[in-house]
2 protein chains.
Amino acid sequence: MSTIKDVAEAAGVSIATVSRALHGLPRVSEATRQRVLTIAADLQYVASPSAAGLASGQTMAVGVVAPFINRWFFAAVVHSAEELLRAAGYDLLLYSLGTDADERRRAFSGNVLRKRVDAVLVLGLQPTPEEVAALSSAGGPVAIVGVAVPGWASVRIDDEAAARTAVRHLVDLGHRRIGYIGGEPHDPLHSAAPADRLRGYREELRAAGIAPDQQLEAVGGFTVRGGMDAMDALLALADPPTAVFAASDEMAMAAIHVARRTGMQVPGDISVIGIDNQEMSELFDLTTVAQPVDAQGVLAAELLLGALSEPNRPRPSVTVPTSLIVRGSTAPL
Amino acid sequence: MSTIKDVAEAAGVSIATVSRALHGLPRVSEATRQRVLTIAADLQYVASPSAAGLASGQTMAVGVVAPFINRWFFAAVVHSAEELLRAAGYDLLLYSLGTDADERRRAFSGNVLRKRVDAVLVLGLQPTPEEVAALSSAGGPVAIVGVAVPGWASVRIDDEAAARTAVRHLVDLGHRRIGYIGGEPHDPLHSAAPADRLRGYREELRAAGIAPDQQLEAVGGFTVRGGMDAMDALLALADPPTAVFAASDEMAMAAIHVARRTGMQVPGDISVIGIDNQEMSELFDLTTVAQPVDAQGVLAAELLLGALSEPNRPRPSVTVPTSLIVRGSTAPL
DNA sequence: CTGAAAGCGCTTACAG
DNA sequence: CTGAAAGCGCTTACAG
């Protein structure tokens with residue numbers, strides 16, 4: 001495990017020169033730089049991140065804060081953001097919060113992240129004003145995916161518009177009794193998307209002259225299990241819906257499964273539409289509103305890297321477009 | 001952003017005493033300890049990981065090396081391992097390798113991880129002997145999920161046995177012409193499971209007196225897209241299979257979709273079985289060999305923490321059981 | 001029980 | 001173009 005001193009001795013220069021050469025700084029002769037580079041490679045020298053971080057004040061790490069890493073959207077975004085971040089020399093520190101409020105407080109307190117990372121990427125969480133203040137005071141730039149936060153760079157889809165697109169599609173097919181499968185009413189994670197999607201659902205119904213009916217709004221919690229339970233509840237209604245809009249593809253697929261298990265035809269007896277367009281959706285022949293997930297990860301990484309290199313640059317708020325993908329799970333009433 | 005000096009001054013003690021008090025070390029009076037703790041909390045003091053790491057030689061971080069973080073198995077294992085690791089005070093550094101050979105070499109070189117993390121958790125990769133040597137020489141303990149490596153703690157299922165269970169189920173139903181959908185023949189990631197599952201498939205066929213037929217072995221690459229293509233190929237055979245064993249649920253679901261799209265009934269015309277038992281599988285009424293994914297993540301974390309606290313303890317190799325889950329995608333010939 | 005001091009391995013003005 | 005030296009914020013023997 002060689003240190004900078006080993007490299008310096010082998011090269012016959014000071015450790016300061018080694019440091020400069022390795023960082024591509026000026027004030028090192030080309031000949032010296034080459035010699036140092038060669039020797040460093042020979043010795044398999046890698047600077048100690050702890051020492052470099054202590055001396056420079058930079059950790060060269062980015063914290064990724066998400067509710068769950070094992071959910072399609074978050075995993076996909078992290079995956080596509082990682083490549084850029086790593087190429088820029090940053091390591092990724094993972095903080096998946098689960099539903100633990102304490103864990104969340106810790107991650108957002110700023111004190112933990114402040115000394116560990118240079119920047120933070122927040123996924124799918126709606127931070128409270130206190131959390132925004134705490135994380136912002138940590139000093140480093142923050143980028144957030146899924147919701148716009150003043151002062152932070154953000155990337156998201158227009159959740160309300162996406163929901164309206166989905167409902168509009170069902171309305172256009174002649175449906176009037178349209179169910180909704182969404183998130184928890186009191187989401188401990190304060191995710192942003194669910195509330196916007198619910199609002200979009202209601203708005204588009206109203207725009208079509210349909211009065212929203214609370215009975216038609218079921219809780220799916222963005223899980224397969226929850227989606228099944230929600231669909232069970234909707235089908236048990238005295239006056240069940242003829243179409244269902246689920247706020248995620250996973251819940252939509254669960255809904256289709258439940259409908260079929262009950263002996264109903266999809267879309268013959270009931271139409272189902274989701275949001276996401278994930279890999280599996282094609283297998284269910286699911287009509288859905290597609291959101292570009294790779295693009296969101298890449299954009300978030302780019303915004304973060306931009307903020308890191310130009311701290312005073314304004315922090316953009318980017319909205320990426322969604323698009324209706326009509327497959328076979330929806331049909332005219 | 002308070003430092004240990006701020007705490008020391010406020011408490012009227014030396015920084016050495018603050019450090020001891022905060023770490024729960026002996027040789028600090030209870031009264032002093034309490035005072036320091038209170039003041040540290042007031043000041044929201046958190047020790048700088050860089051400084052602590054440089055001084056102590058411990059990073060309090062664990063590196064997670066996996067091919068893809070956005071695949072069901074890896075995401076689920078990371079998720080369940082994270083909780084324990086974090087509770088023990090370790091941060092998680094994510095290294096997802098993709099298919100980039102250079103990136104893989106870097107992660108496995110030992111030099112990168114050595115100075116960044118105290119231990120490494122490898123997921124679903126079959127390291128070469130050189131990689132084992134390199135990572136082992138880094139000094140810290142390594143745990144690996146998905147394959148046994150001498151000298152490393154490991155957690156896995158018996159992939160060959162799981163495959164045999166799946167094939168045996170089909171054979172018991174009377175099938176003789178059984179297709180296989182598996183990984184790439186020349187997997188750049190050297191994943192371990194695919195080869196073992198293929199071997200199990202062939203072995204069980206032989207045990208049933210059936211000669212393996214290369215034509216029935218299709219490449220699905222563990223993706224939905226690949227699974228669909230593989231099934232297309234199998235169904236296009238002059239003498240197509242009456243049953244298909246896919247090495248993952250995702251590929252199995254893709255196979256079912258393709259069969260149905262072709263107008264076939266599942267399981268009426270063709271039976272399909274997978275491995276995993278992930279959340280979605282119930283939606284496809286998929287018969288599968290279940291593997292306990294949470295347990296694997298938890299066990300891997302425990303083995304790693306155990307090795308961290310007792311470096312000389314032997315490194316166990318744990319095999320967790322799989323079980324056949326019979327649903328509705330398989331039927332007698 | 002407590003403190004002074006060395007040292008961890010770098011980066012970065014400052015001199016030359 | 002290069003080096004000596006200070007300093008980053010801790011931990012940890014060593015004294016007392």
# chains A, B, ... in the order shown; residues from 1 in each chain; ligands from 1

$ residues_around --residues "range 2-15 of chain C" --least-positions-apart "4" --cutoff "6 Å" --atoms "only C-alpha atoms (C1' of nucleotides)" --output "list in words"
Ala51, Ala52, Ala55 and Ser56 of chain A; Leu54 and Ala55 of chain B

$ write_last_selection --atoms "C-alpha atoms" --output "compact mmCIF listing (two decimals), in the first residue's frame"
# COMPACT_ATOMS: atom_id res chain seq x y z
CA ALA A 51 -5.96 12.22 3.66
CA ALA A 52 -6.85 14.03 0.47
CA ALA A 55 -6.33 18.32 3.32
CA SER A 56 -8.48 19.62 0.50
CA LEU B 54 -6.81 9.13 8.47
CA ALA B 55 -6.01 8.91 12.15

$ closest_atom_pairs --of "chain A" --to "chain D" --cutoff "9 Å" --atoms "only C-alpha atoms (C1' of nucleotides)" --output "tab-separated table"
residue	atom	partner	partner_atom	distance
A:Val13	CA	D:DT2	C1'	8.2
A:Ser14	CA	D:DG3	C1'	6.3
A:Ile15	CA	D:DG3	C1'	8.7
A:Ala16	CA	D:DG3	C1'	7.4
A:Thr17	CA	D:DT2	C1'	7.0
A:Arg27	CA	D:DC1	C1'	5.6
A:Val28	CA	D:DC1	C1'	5.7
A:Ser29	CA	D:DC1	C1'	6.2
A:Ala51	CA	D:DC8	C1'	8.5
A:Gly53	CA	D:DC8	C1'	8.4
A:Leu54	CA	D:DC8	C1'	4.9
A:Ala55	CA	D:DC8	C1'	4.5
A:Ser56	CA	D:DC8	C1'	7.4
A:Gly57	CA	D:DC8	C1'	7.6

$ select_by_dssp --residues "range 42-84 of chain A" --states "strand (DSSP E or B)" --output "MDAnalysis selection string"
chainID A and resid 61:66

$ interface_residues --of "chain B" --to "chain A" --cutoff "6 Å" --atoms "only C-alpha atoms" --output "VMD selection string"
chain B and resid 48 50 to 51 53 to 54 70 75 to 76 92 to 94 115 257 283

$ select_by_dssp --residues "range 60-296 of chain A" --states "alpha helix (DSSP H)" --output "number ranges by chain"
A: 72-87, 101-108, 111-116, 129-137, 159-172, 193-207, 224-235, 249-261, 293-296
